[in-house]
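Asker: For reference, this is query36.pdb, and it has PDB, C-alpha atoms.
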ATOM      1  CA  MET C  34    -111.200  60.660 184.582
ATOM      2  CA  VAL C  35    -109.551  58.187 182.236
ATOM      3  CA  ASP C  36    -111.316  55.175 183.757
ATOM      4  CA  ASN C  37    -114.582  57.014 183.761
ATOM      5  CA  ALA C  38    -114.238  57.884 180.079
ATOM      6  CA  GLU C  39    -113.398  54.318 179.138
ATOM      7  CA  SER C  40    -116.214  52.706 181.041
ATOM      8  CA  ASN C  41    -118.746  55.146 179.687
ATOM      9  CA  THR C  42    -118.823  54.345 175.977
ATOM     10  CA  GLY C  43    -121.826  53.467 173.841
ATOM     11  CA  PRO C  44    -124.981  55.307 172.872
ATOM     12  CA  GLN C  45    -126.153  55.444 176.481
ATOM     13  CA  ALA C  46    -123.332  57.917 177.125
ATOM     14  CA  SER C  47    -124.540  60.359 174.451
ATOM     15  CA  PRO C  48    -125.130  63.938 175.625
ATOM     16  CA  PRO C  49    -128.767  64.241 176.831
ATOM     17  CA  ALA C  50    -129.503  67.182 174.482
ATOM     18  CA  LEU C  51    -128.647  64.984 171.483
ATOM     19  CA  LEU C  52    -130.489  61.927 172.717
ATOM     20  CA  GLU C  53    -133.790  63.767 172.601
ATOM     21  CA  ALA C  54    -133.174  65.631 169.356
ATOM     22  CA  PRO C  55    -135.420  64.192 166.640
ATOM     23  CA  GLY C  56    -132.834  64.831 163.919
ATOM     24  CA  PHE C  57    -130.163  62.888 165.813
ATOM     25  CA  LEU C  58    -132.546  59.956 166.176
ATOM     26  CA  VAL C  59    -133.384  60.048 162.487
ATOM     27  CA  ARG C  60    -129.694  60.080 161.579
ATOM     28  CA  ARG C  61    -129.189  56.992 163.786
ATOM     29  CA  LEU C  62    -132.133  55.302 162.020
ATOM     30  CA  TYR C  63    -130.927  56.238 158.545
ATOM     31  CA  GLN C  64    -127.346  55.107 159.224
ATOM     32  CA  ALA C  65    -128.539  51.783 160.633
ATOM     33  CA  TYR C  66    -130.880  51.298 157.684
ATOM     34  CA  VAL C  67    -128.167  52.006 155.090
ATOM     35  CA  SER C  68    -125.813  49.630 156.866
ATOM     36  CA  ALA C  69    -128.455  46.869 157.023
ATOM     37  CA  TRP C  70    -129.377  47.455 153.361
ATOM     38  CA  VAL C  71    -125.776  47.117 152.153
ATOM     39  CA  ARG C  72    -125.356  43.835 154.025
ATOM     40  CA  GLY C  73    -128.812  42.354 153.661
ATOM     41  CA  VAL C  74    -130.103  43.449 150.268
ATOM     42  CA  ASP C  75    -127.537  44.491 147.696
ATOM     43  CA  SER C  76    -124.386  46.524 148.055
ATOM     44  CA  SER C  77    -124.478  47.375 144.329
ATOM     45  CA  LEU C  78    -127.952  48.925 144.543
ATOM     46  CA  THR C  79    -128.644  51.833 146.911
ATOM     47  CA  GLY C  80    -131.982  52.468 148.610
ATOM     48  CA  PRO C  81    -132.792  55.412 146.303
ATOM     49  CA  GLN C  82    -131.871  53.331 143.215
ATOM     50  CA  PHE C  83    -134.205  50.608 144.460
ATOM     51  CA  ALA C  84    -136.948  53.201 144.964
ATOM     52  CA  VAL C  85    -136.513  54.323 141.351
ATOM     53  CA  LEU C  86    -136.641  50.703 140.071
ATOM     54  CA  THR C  87    -139.797  50.125 142.115
ATOM     55  CA  ALA C  88    -141.454  53.287 140.832
ATOM     56  CA  VAL C  89    -140.559  52.558 137.193
ATOM     57  CA  GLY C  90    -141.751  48.954 137.595
ATOM     58  CA  ALA C  91    -145.065  50.141 139.074
ATOM     59  CA  ARG C  92    -145.713  52.789 136.421
ATOM     60  CA  PRO C  93    -143.627  52.102 133.299
ATOM     61  CA  GLY C  94    -143.639  54.903 130.740
ATOM     62  CA  ARG C  95    -144.096  57.676 133.267
ATOM     63  CA  ASP C  96    -141.850  60.662 132.718
ATOM     64  CA  GLN C  97    -138.671  61.183 134.697
ATOM     65  CA  ARG C  98    -139.789  64.343 136.445
ATOM     66  CA  SER C  99    -142.966  62.952 137.982
ATOM     67  CA  MET C 100    -141.118  59.709 138.791
ATOM     68  CA  ALA C 101    -138.594  61.748 140.830
ATOM     69  CA  SER C 102    -141.389  63.332 142.803
ATOM     70  CA  ALA C 103    -142.992  59.931 143.462
ATOM     71  CA  VAL C 104    -139.810  58.663 145.138
ATOM     72  CA  SER C 105    -139.006  61.931 146.965
ATOM     73  CA  LEU C 106    -135.795  62.653 145.051
ATOM     74  CA  ASP C 107    -134.775  66.063 143.734
ATOM     75  CA  THR C 108    -134.444  66.244 139.959
ATOM     76  CA  SER C 109    -130.629  66.421 139.864
ATOM     77  CA  THR C 110    -130.242  63.337 142.103
ATOM     78  CA  MET C 111    -132.854  61.594 139.952
ATOM     79  CA  THR C 112    -130.970  62.455 136.744
ATOM     80  CA  ASP C 113    -127.759  61.058 138.217
ATOM     81  CA  ILE C 114    -129.435  57.834 139.383
ATOM     82  CA  VAL C 115    -131.255  57.267 136.079
ATOM     83  CA  ARG C 116    -128.018  57.811 134.135
ATOM     84  CA  ARG C 117    -126.193  55.194 136.251
ATOM     85  CA  MET C 118    -128.995  52.683 135.941
ATOM     86  CA  GLU C 119    -129.279  53.201 132.204
ATOM     87  CA  LYS C 120    -125.521  52.564 131.938
ATOM     88  CA  ARG C 121    -125.954  49.343 133.926
ATOM     89  CA  GLY C 122    -128.710  48.269 131.552
ATOM     90  CA  LEU C 123    -131.474  48.310 134.182
ATOM     91  CA  ILE C 124    -133.552  51.182 132.825
ATOM     92  CA  SER C 125    -134.240  52.481 129.319
ATOM     93  CA  ARG C 126    -135.210  56.065 128.557
ATOM     94  CA  GLN C 127    -137.397  56.872 125.591
ATOM     95  CA  THR C 128    -138.298  60.238 124.151
ATOM     96  CA  PRO C 129    -141.883  60.484 122.808
ATOM     97  CA  VAL C 130    -142.099  61.810 119.238
ATOM     98  CA  THR C 131    -144.668  64.354 120.402
ATOM     99  CA  ASP C 132    -142.438  66.001 122.997
ATOM    100  CA  ALA C 133    -138.670  65.769 122.656
ATOM    101  CA  ARG C 134    -138.055  67.320 126.090
ATOM    102  CA  ARG C 135    -139.667  64.481 128.015
ATOM    103  CA  LYS C 136    -137.952  61.253 128.996
ATOM    104  CA  LEU C 137    -140.166  58.251 129.629
ATOM    105  CA  LEU C 138    -138.696  55.512 131.806
ATOM    106  CA  TYR C 139    -138.999  51.739 131.376
ATOM    107  CA  LEU C 140    -137.350  48.722 133.001
ATOM    108  CA  THR C 141    -135.213  46.474 130.817
ATOM    109  CA  PRO C 142    -135.571  42.681 131.351
ATOM    110  CA  GLU C 143    -132.385  42.915 133.484
ATOM    111  CA  GLY C 144    -134.007  45.723 135.463
ATOM    112  CA  GLU C 145    -137.066  43.549 136.054
ATOM    113  CA  SER C 146    -134.961  40.662 137.393
ATOM    114  CA  MET C 147    -132.956  43.011 139.588
ATOM    115  CA  LEU C 148    -136.163  44.524 140.971
ATOM    116  CA  GLU C 149    -137.603  41.104 141.728
ATOM    117  CA  HIS C 150    -134.384  40.008 143.454
ATOM    118  CA  ALA C 151    -133.975  43.206 145.466
ATOM    119  CA  ASN C 152    -137.653  43.322 146.313
ATOM    120  CA  ARG C 153    -137.580  39.904 147.923
ATOM    121  CA  LEU C 154    -134.551  40.819 150.045
ATOM    122  CA  ALA C 155    -135.915  44.279 150.875
ATOM    123  CA  ARG C 156    -139.161  42.754 152.159
ATOM    124  CA  GLN C 157    -137.106  40.376 154.319
ATOM    125  CA  LEU C 158    -135.159  43.372 155.628
ATOM    126  CA  ASP C 159    -138.397  45.239 156.426
ATOM    127  CA  GLU C 160    -139.492  42.155 158.340
ATOM    128  CA  ARG C 161    -136.312  42.281 160.439
ATOM    129  CA  LEU C 162    -136.667  46.036 160.992
ATOM    130  CA  LEU C 163    -140.213  45.571 162.278
ATOM    131  CA  ARG C 164    -139.718  42.253 164.075
ATOM    132  CA  PRO C 165    -140.333  43.540 167.640
ATOM    133  CA  TYR C 166    -143.709  45.006 166.624
ATOM    134  CA  GLY C 167    -147.094  43.298 166.312
ATOM    135  CA  ALA C 168    -149.436  43.936 163.363
ATOM    136  CA  LEU C 169    -151.288  46.808 165.028
ATOM    137  CA  GLU C 170    -148.084  48.398 166.305
ATOM    138  CA  ARG C 171    -146.623  48.210 162.802
ATOM    139  CA  ASP C 172    -149.585  50.077 161.365
ATOM    140  CA  GLU C 173    -149.255  52.712 164.064
ATOM    141  CA  LEU C 174    -145.514  53.024 163.530
ATOM    142  CA  ILE C 175    -145.854  53.437 159.744
ATOM    143  CA  THR C 176    -148.616  56.009 160.279
ATOM    144  CA  THR C 177    -146.466  57.898 162.798
ATOM    145  CA  LEU C 178    -143.433  57.951 160.485
ATOM    146  CA  THR C 179    -145.545  58.962 157.482
ATOM    147  CA  GLN C 180    -147.179  61.876 159.330
ATOM    148  CA  LEU C 181    -143.793  62.980 160.645
ATOM    149  CA  ALA C 182    -142.235  62.838 157.145
ATOM    150  CA  ASP C 183    -145.186  64.749 155.651
ATOM    151  CA  HIS C 184    -144.630  67.491 158.236
ATOM    152  CA  TRP C 185    -140.821  67.549 158.018
ATOM    153  CA  GLU C 186    -140.935  67.973 154.247
ATOM    154  CA  THR C 187    -142.690  71.316 154.783
ATOM    155  CA  VAL C 188    -140.109  72.621 157.321
ATOM    156  CA  PRO C 189    -137.248  73.531 154.918
ATOM    157  CA  GLN C 190    -139.659  75.876 153.107
ATOM    158  CA  GLU C 191    -140.130  77.882 156.323
ATOM    159  CA  PHE C 192    -136.619  79.320 156.064
TER     160      PHE C 192
ATOM    161  CA  MET V 885    -151.528  58.291 129.672
ATOM    162  CA  VAL V 886    -149.731  61.582 129.423
ATOM    163  CA  ASP V 887    -152.431  63.481 131.289
ATOM    164  CA  ASN V 888    -152.678  60.769 133.862
ATOM    165  CA  ALA V 889    -148.927  60.828 134.493
ATOM    166  CA  GLU V 890    -148.887  64.593 134.792
ATOM    167  CA  SER V 891    -151.838  64.843 137.130
ATOM    168  CA  ASN V 892    -150.497  62.135 139.359
ATOM    169  CA  THR V 893    -147.279  63.657 140.660
ATOM    170  CA  GLY V 894    -146.232  64.152 144.268
ATOM    171  CA  PRO V 895    -145.582  61.783 147.136
ATOM    172  CA  GLN V 896    -149.187  60.557 147.090
ATOM    173  CA  ALA V 897    -148.344  58.903 143.767
ATOM    174  CA  SER V 898    -145.499  56.815 145.231
ATOM    175  CA  PRO V 899    -145.738  53.055 144.698
ATOM    176  CA  PRO V 900    -147.683  51.520 147.639
ATOM    177  CA  ALA V 901    -144.867  49.064 148.453
ATOM    178  CA  LEU V 902    -142.486  51.964 149.021
ATOM    179  CA  LEU V 903    -144.940  54.084 150.981
ATOM    180  CA  GLU V 904    -145.135  51.478 153.707
ATOM    181  CA  ALA V 905    -141.456  50.555 153.745
ATOM    182  CA  PRO V 906    -139.895  51.831 156.968
ATOM    183  CA  GLY V 907    -136.549  52.492 155.264
ATOM    184  CA  PHE V 908    -138.166  54.659 152.599
ATOM    185  CA  LEU V 909    -139.909  56.699 155.302
ATOM    186  CA  VAL V 910    -136.667  57.130 157.210
ATOM    187  CA  ARG V 911    -134.909  58.316 154.053
ATOM    188  CA  ARG V 912    -137.673  60.900 153.539
ATOM    189  CA  LEU V 913    -137.225  62.032 157.158
ATOM    190  CA  TYR V 914    -133.450  62.195 156.917
ATOM    191  CA  GLN V 915    -133.496  64.117 153.614
ATOM    192  CA  ALA V 916    -136.027  66.618 154.969
ATOM    193  CA  TYR V 917    -133.990  67.028 158.161
ATOM    194  CA  VAL V 918    -130.711  67.643 156.301
ATOM    195  CA  SER V 919    -132.440  70.163 154.038
ATOM    196  CA  ALA V 920    -133.999  71.988 157.022
ATOM    197  CA  TRP V 921    -130.662  71.944 158.888
ATOM    198  CA  VAL V 922    -128.740  73.494 155.986
ATOM    199  CA  ARG V 923    -131.268  76.313 155.687
ATOM    200  CA  GLY V 924    -132.209  76.824 159.325
ATOM    201  CA  VAL V 925    -129.081  76.125 161.340
ATOM    202  CA  ASP V 926    -125.769  76.405 159.532
ATOM    203  CA  SER V 927    -124.762  75.292 156.084
ATOM    204  CA  SER V 928    -121.087  75.222 157.145
ATOM    205  CA  LEU V 929    -121.733  72.773 159.996
ATOM    206  CA  THR V 930    -123.299  69.369 159.312
ATOM    207  CA  GLY V 931    -125.524  67.504 161.758
ATOM    208  CA  PRO V 932    -122.776  64.992 162.613
ATOM    209  CA  GLN V 933    -120.257  67.834 163.143
ATOM    210  CA  PHE V 934    -122.739  69.480 165.475
ATOM    211  CA  ALA V 935    -123.173  66.191 167.332
ATOM    212  CA  VAL V 936    -119.393  66.006 167.818
ATOM    213  CA  LEU V 937    -119.237  69.619 169.062
ATOM    214  CA  THR V 938    -122.068  68.874 171.487
ATOM    215  CA  ALA V 939    -120.420  65.710 172.772
ATOM    216  CA  VAL V 940    -117.011  67.388 173.217
ATOM    217  CA  GLY V 941    -118.674  70.360 174.931
ATOM    218  CA  ALA V 942    -120.537  68.023 177.292
ATOM    219  CA  ARG V 943    -117.495  65.901 178.184
ATOM    220  CA  PRO V 944    -114.267  67.769 177.346
ATOM    221  CA  GLY V 945    -111.118  65.666 177.574
ATOM    222  CA  ARG V 946    -112.807  62.411 176.641
ATOM    223  CA  ASP V 947    -110.921  60.357 174.088
ATOM    224  CA  GLN V 948    -111.843  60.351 170.428
ATOM    225  CA  ARG V 949    -112.868  56.717 170.282
ATOM    226  CA  SER V 950    -115.459  56.821 173.057
ATOM    227  CA  MET V 951    -116.658  60.206 171.769
ATOM    228  CA  ALA V 952    -117.362  58.564 168.366
ATOM    229  CA  SER V 953    -119.450  55.913 170.037
ATOM    230  CA  ALA V 954    -121.404  58.505 172.030
ATOM    231  CA  VAL V 955    -122.533  60.224 168.834
ATOM    232  CA  SER V 956    -123.124  57.004 166.848
ATOM    233  CA  LEU V 957    -120.358  57.613 164.304
ATOM    234  CA  ASP V 958    -117.941  54.976 163.064
ATOM    235  CA  THR V 959    -114.288  55.690 163.885
ATOM    236  CA  SER V 960    -113.217  56.588 160.326
ATOM    237  CA  THR V 961    -116.044  59.132 159.907
ATOM    238  CA  MET V 962    -115.176  60.486 163.359
ATOM    239  CA  THR V 963    -111.495  60.847 162.412
ATOM    240  CA  ASP V 964    -112.462  62.742 159.278
ATOM    241  CA  ILE V 965    -114.844  65.071 161.135
ATOM    242  CA  VAL V 966    -112.382  65.781 163.949
ATOM    243  CA  ARG V 967    -109.637  66.562 161.424
ATOM    244  CA  ARG V 968    -111.861  69.094 159.617
ATOM    245  CA  MET V 969    -112.969  70.728 162.837
ATOM    246  CA  GLU V 970    -109.424  70.937 164.153
ATOM    247  CA  LYS V 971    -108.438  72.628 160.866
ATOM    248  CA  ARG V 972    -111.273  75.130 161.303
ATOM    249  CA  GLY V 973    -110.036  75.866 164.822
ATOM    250  CA  LEU V 974    -113.154  74.508 166.567
ATOM    251  CA  ILE V 975    -111.600  71.516 168.334
ATOM    252  CA  SER V 976    -108.155  70.839 169.778
ATOM    253  CA  ARG V 977    -106.693  67.355 170.174
ATOM    254  CA  GLN V 978    -104.261  66.606 172.959
ATOM    255  CA  THR V 979    -102.210  63.495 173.557
ATOM    256  CA  PRO V 980    -101.789  62.550 177.229
ATOM    257  CA  VAL V 981     -98.157  61.978 178.276
ATOM    258  CA  THR V 982     -99.164  58.626 179.761
ATOM    259  CA  ASP V 983    -100.557  57.160 176.528
ATOM    260  CA  ALA V 984     -99.384  58.525 173.193
ATOM    261  CA  ARG V 985    -101.984  56.514 171.246
ATOM    262  CA  ARG V 986    -104.951  58.343 172.723
ATOM    263  CA  LYS V 987    -106.347  61.646 171.498
ATOM    264  CA  LEU V 988    -108.307  63.712 173.994
ATOM    265  CA  LEU V 989    -110.737  66.247 172.528
ATOM    266  CA  TYR V 990    -111.451  69.788 173.720
ATOM    267  CA  LEU V 991    -113.381  72.740 172.313
ATOM    268  CA  THR V 992    -111.443  75.888 171.459
ATOM    269  CA  PRO V 993    -113.069  79.242 172.412
ATOM    270  CA  GLU V 994    -114.199  79.468 168.746
ATOM    271  CA  GLY V 995    -115.685  75.976 169.070
ATOM    272  CA  GLU V 996    -117.574  77.061 172.175
ATOM    273  CA  SER V 997    -119.096  80.085 170.402
ATOM    274  CA  MET V 998    -119.983  77.971 167.383
ATOM    275  CA  LEU V 999    -121.643  75.371 169.619
ATOM    276  CA  GLU V1000    -123.653  78.029 171.434
ATOM    277  CA  HIS V1001    -124.761  79.593 168.137
ATOM    278  CA  ALA V1002    -125.641  76.282 166.467
ATOM    279  CA  ASN V1003    -127.297  74.983 169.607
ATOM    280  CA  ARG V1004    -129.719  77.894 169.740
ATOM    281  CA  LEU V1005    -130.689  77.435 166.076
ATOM    282  CA  ALA V1006    -130.851  73.639 166.386
ATOM    283  CA  ARG V1007    -133.267  73.912 169.320
ATOM    284  CA  GLN V1008    -135.415  76.261 167.232
ATOM    285  CA  LEU V1009    -135.324  73.730 164.396
ATOM    286  CA  ASP V1010    -136.357  70.918 166.780
ATOM    287  CA  GLU V1011    -139.255  73.104 167.845
ATOM    288  CA  ARG V1012    -140.381  73.448 164.207
ATOM    289  CA  LEU V1013    -139.950  69.707 163.599
ATOM    290  CA  LEU V1014    -142.153  68.906 166.584
ATOM    291  CA  ARG V1015    -144.615  71.788 166.258
ATOM    292  CA  PRO V1016    -147.720  69.679 165.472
ATOM    293  CA  TYR V1017    -147.206  67.571 168.609
ATOM    294  CA  GLY V1018    -148.243  68.317 172.192
ATOM    295  CA  ALA V1019    -145.903  67.685 175.146
ATOM    296  CA  LEU V1020    -147.123  64.138 175.780
ATOM    297  CA  GLU V1021    -147.070  63.257 172.074
ATOM    298  CA  ARG V1022    -143.504  64.545 171.829
ATOM    299  CA  ASP V1023    -142.393  62.282 174.648
ATOM    300  CA  GLU V1024    -144.100  59.335 172.965
ATOM    301  CA  LEU V1025    -142.586  60.184 169.591
ATOM    302  CA  ILE V1026    -139.047  60.475 170.997
ATOM    303  CA  THR V1027    -139.513  57.194 172.867
ATOM    304  CA  THR V1028    -140.805  55.487 169.710
ATOM    305  CA  LEU V1029    -137.895  56.739 167.586
ATOM    306  CA  THR V1030    -135.343  55.833 170.279
ATOM    307  CA  GLN V1031    -136.662  52.272 170.616
ATOM    308  CA  LEU V1032    -136.733  51.896 166.844
ATOM    309  CA  ALA V1033    -133.138  53.175 166.505
ATOM    310  CA  ASP V1034    -131.955  50.873 169.323
ATOM    311  CA  HIS V1035    -133.465  47.916 167.442
ATOM    312  CA  TRP V1036    -132.303  48.954 163.965
ATOM    313  CA  GLU V1037    -128.712  49.315 165.140
ATOM    314  CA  THR V1038    -128.726  45.573 165.926
ATOM    315  CA  VAL V1039    -130.082  44.544 162.486
ATOM    316  CA  PRO V1040    -126.898  44.957 160.369
ATOM    317  CA  GLN V1041    -125.175  42.465 162.678
ATOM    318  CA  GLU V1042    -127.726  39.798 161.728
ATOM    319  CA  PHE V1043    -126.216  39.460 158.248
TER     320      PHE V1043
END
If you took the structure in this file and wrote it as C-alpha cells, what would it be?
Answerer:
Amino acid sequence: MVDNAESNTGPQASPPALLEAPGFLVRRLYQAYVSAWVRGVDSSLTGPQFAVLTAVGARPGRDQRSMASAVSLDTSTMTDIVRRMEKRGLISRQTPVTDARRKLLYLTPEGESMLEHANRLARQLDERLLRPYGALERDELITTLTQLADHWETVPQEF
Amino acid sequence: MVDNAESNTGPQASPPALLEAPGFLVRRLYQAYVSAWVRGVDSSLTGPQFAVLTAVGARPGRDQRSMASAVSLDTSTMTDIVRRMEKRGLISRQTPVTDARRKLLYLTPEGESMLEHANRLARQLDERLLRPYGALERDELITTLTQLADHWETVPQEF
C-alpha cells in the first residue's frame, strides 16, 4: 500500500471522475497560466490588471463601468483594480463636468510604458502557450475556448 | 463619444488583442466556473476542496503529498485545505507508526456524505457546462482541454 501510493504520484494518478470534469481542467489551465504569467511577464502586474491596461489603452476615455464589462470583471473587482493602478500612477480617472457620477479612464505615460512592456512579454507567453499548435489549430482552439466561455458565462444565471 | 461608449458595452467590445489571448479566455472560463459552482453546488465547499474530497474518497489512506499532486495543488495550498477540512470534521489525518513524518488522509462519515452530496450536484453542473455539446464533441473537448493543460503545466518551468 505504501509503495503503491508512492509510485503513483502525478496528475496521471488523479481520480478518473476529476480528470474528465471540465471545471477541474479549467482550474489546471488557470493555475498554470497564472504561474507562467508571474514568472514570464510581470509579478507586479496581474492578468486582470493587464486586461484593464489593455482595455484603457485601446479605448481611452471610456467609462469605468463599460470598461469592466469589456474585460469580464465585476464592478467591485474593477473598482479595486482601478484604485490600485491609480495609486501606482498607471491610470488616471477623470470625472466629466456633465456627469459627476461617471469616471472616465486614461493611461498615464507610465501606464503606457508598462502596457507596452507587459504586452511584449504577454505575446511571448501566448506564443509559448500555443507552441504545439499550428496556425489552423490555433484558430480552432481559440474558437473552441471562446464558444465555451460564452456558454459558461450564462450557466451561473441558471441557478 | 459618450453614446458610443455606452452602446458598446459587453464582452463583444473587448479589445481584440485580449479576445484572442488564451490566458484571457481561460480566466473567463475559470471565473464563470467558480461563479456557477458557488451557486449550483455548494458555497461552503470550493472546487479545490471538492477535488481533495474526491481524491481522498477514491484512495483513502494515501499520503498528503501524493494526494496534492493527484489534484494538481501545490503542497502549501494542500496543507491549508486539509487543515480546514479536518477542522470541519470532513477529513481525518493519521500518522503511521512506521513513519511519523507522513500524514495519511481518510474521509470521516461526514466527509463521505458531503462528497456524495457535492458529487451529485457537481455532475449536474458538468452536465450544464457541456449541454451544447454532443457525446463525440464532449470527448473531443475534454481531450483538447487535457492536452492544453498538460502543455501549459510545463510552461512555467521554461522561465
Asker: What would the list of residues within 8 Å of (-139.8, 65.7, 148.2) (file frame) look like as a VMD selection string, if all atoms listed in the file are what count?
Answerer: (chain C and resid 102 104 to 107 186) or (chain V and resid 894 to 895 912 916)
Asker: Only C-alpha atoms, please: the residues just picked out, written as an mmCIF file, in the coordinates of the input.
Answerer:
data_model
loop_
_atom_site.group_PDB
_atom_site.id
_atom_site.type_symbol
_atom_site.label_atom_id
_atom_site.label_comp_id
_atom_site.auth_asym_id
_atom_site.auth_seq_id
_atom_site.Cartn_x
_atom_site.Cartn_y
_atom_site.Cartn_z
ATOM 1 C CA SER C 102 -141.389 63.332 142.803
ATOM 2 C CA VAL C 104 -139.810 58.663 145.138
ATOM 3 C CA SER C 105 -139.006 61.931 146.965
ATOM 4 C CA LEU C 106 -135.795 62.653 145.051
ATOM 5 C CA ASP C 107 -134.775 66.063 143.734
ATOM 6 C CA GLU C 186 -140.935 67.973 154.247
ATOM 7 C CA GLY V 894 -146.232 64.152 144.268
ATOM 8 C CA PRO V 895 -145.582 61.783 147.136
ATOM 9 C CA ARG V 912 -137.673 60.900 153.539
ATOM 10 C CA ALA V 916 -136.027 66.618 154.969
#
Asker: Give me, as an NGL selection string, the contact residues of chain V against chain C at a cut-off of 7 Å, counting only C-alpha atoms.
Answerer: :V and (889-890 or 893-895 or 897-899 or 902 or 904-907 or 909-914 or 916-917 or 919-920 or 923-924 or 935 or 939 or 942 or 946 or 950 or 953-956 or 1010 or 1012-1013 or 1026 or 1029-1030 or 1033 or 1036-1037 or 1039-1040 or 1043)
Asker: Might you pull out every residue within 10 Å of Val115 in chain C, with only C-alpha atoms counted and same-chain residues fewer than 2 positions away left off, and present them as number ranges by chain?
Answerer: C: 82, 85-86, 97, 101, 109-113, 117-121, 123-126, 138
Asker: Starting from 3 Å padding per side, set up an axis-aligned box that covers all listed atoms of range 941-947 of chain V and hand over centre and edge lengths in Å, one decimal, as AutoDock Vina command-line options.
Answerer:
--center_x -115.7 --center_y 65.4 --center_z 176.1 --size_x 15.6 --size_y 16.0 --size_z 10.1
Asker: Can you work out which one of V:Pro944, V:Gly1018, V:Ile965, V:His1001 has the shortest atom-to-atom distance to Leu988 in chain V, counting all atoms listed in the file?
Answerer: V:Pro944
Asker: Could you please determine the separation between CA of Gly122 in chain C and CA of Arg134 in chain C in Å, to one decimal place?
Answerer: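 A separation of 21.9 Å between them.
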Asker: CA of Leu78 in chain C and CA of Lys136 in chain C are how many Å apart?
Answerer: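 CA of Lys136 in chain C lies at a distance of 22.2 Å from CA of Leu78 in chain C.
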Asker: For range 988-993 of chain V of the structure just presented, write all heavy atoms to a file, as a PDB file, in the first residue's frame.
Answerer:
ATOM      1  N   LEU V 988      -1.435  10.323   6.569  1.00  0.00           N
ATOM      2  CA  LEU V 988      -2.337   9.595   5.678  1.00  0.00           C
ATOM      3  C   LEU V 988      -3.752  10.145   5.842  1.00  0.00           C
ATOM      4  O   LEU V 988      -4.197  10.423   6.949  1.00  0.00           O
ATOM      5  CB  LEU V 988      -2.306   8.103   6.009  1.00  0.00           C
ATOM      6  CG  LEU V 988      -0.897   7.478   6.084  1.00  0.00           C
ATOM      7  CD1 LEU V 988      -0.991   5.975   6.317  1.00  0.00           C
ATOM      8  CD2 LEU V 988      -0.098   7.775   4.819  1.00  0.00           C
ATOM      9  N   LEU V 989      -4.433  10.341   4.712  1.00  0.00           N
ATOM     10  CA  LEU V 989      -5.740  11.015   4.737  1.00  0.00           C
ATOM     11  C   LEU V 989      -6.901  10.035   4.557  1.00  0.00           C
ATOM     12  O   LEU V 989      -6.833   9.124   3.730  1.00  0.00           O
ATOM     13  CB  LEU V 989      -5.793  12.067   3.621  1.00  0.00           C
ATOM     14  CG  LEU V 989      -4.694  13.141   3.640  1.00  0.00           C
ATOM     15  CD1 LEU V 989      -4.947  14.158   2.533  1.00  0.00           C
ATOM     16  CD2 LEU V 989      -4.610  13.823   4.996  1.00  0.00           C
ATOM     17  N   TYR V 990      -7.937  10.256   5.350  1.00  0.00           N
ATOM     18  CA  TYR V 990      -9.170   9.459   5.270  1.00  0.00           C
ATOM     19  C   TYR V 990     -10.373  10.393   5.334  1.00  0.00           C
ATOM     20  O   TYR V 990     -10.289  11.470   5.925  1.00  0.00           O
ATOM     21  CB  TYR V 990      -9.244   8.480   6.461  1.00  0.00           C
ATOM     22  CG  TYR V 990      -8.125   7.466   6.480  1.00  0.00           C
ATOM     23  CD1 TYR V 990      -6.914   7.765   7.100  1.00  0.00           C
ATOM     24  CD2 TYR V 990      -8.283   6.209   5.885  1.00  0.00           C
ATOM     25  CE1 TYR V 990      -5.871   6.838   7.108  1.00  0.00           C
ATOM     26  CE2 TYR V 990      -7.253   5.278   5.897  1.00  0.00           C
ATOM     27  CZ  TYR V 990      -6.053   5.598   6.503  1.00  0.00           C
ATOM     28  OH  TYR V 990      -5.027   4.689   6.509  1.00  0.00           O
ATOM     29  N   LEU V 991     -11.493   9.959   4.755  1.00  0.00           N
ATOM     30  CA  LEU V 991     -12.744  10.698   4.934  1.00  0.00           C
ATOM     31  C   LEU V 991     -13.408  10.252   6.237  1.00  0.00           C
ATOM     32  O   LEU V 991     -13.399   9.072   6.567  1.00  0.00           O
ATOM     33  CB  LEU V 991     -13.725  10.412   3.785  1.00  0.00           C
ATOM     34  CG  LEU V 991     -13.339  10.872   2.385  1.00  0.00           C
ATOM     35  CD1 LEU V 991     -14.520  10.648   1.437  1.00  0.00           C
ATOM     36  CD2 LEU V 991     -12.930  12.339   2.378  1.00  0.00           C
ATOM     37  N   THR V 992     -13.999  11.201   6.947  1.00  0.00           N
ATOM     38  CA  THR V 992     -14.876  10.851   8.069  1.00  0.00           C
ATOM     39  C   THR V 992     -16.243  10.484   7.476  1.00  0.00           C
ATOM     40  O   THR V 992     -16.499  10.745   6.295  1.00  0.00           O
ATOM     41  CB  THR V 992     -15.062  12.061   8.993  1.00  0.00           C
ATOM     42  OG1 THR V 992     -15.721  13.082   8.240  1.00  0.00           O
ATOM     43  CG2 THR V 992     -13.718  12.582   9.510  1.00  0.00           C
ATOM     44  N   PRO V 993     -17.169   9.913   8.269  1.00  0.00           N
ATOM     45  CA  PRO V 993     -18.525   9.677   7.747  1.00  0.00           C
ATOM     46  C   PRO V 993     -19.161  10.975   7.235  1.00  0.00           C
ATOM     47  O   PRO V 993     -19.823  10.972   6.192  1.00  0.00           O
ATOM     48  CB  PRO V 993     -19.277   9.121   8.961  1.00  0.00           C
ATOM     49  CG  PRO V 993     -18.205   8.462   9.789  1.00  0.00           C
ATOM     50  CD  PRO V 993     -16.982   9.314   9.600  1.00  0.00           C
TER      51      PRO V 993
END
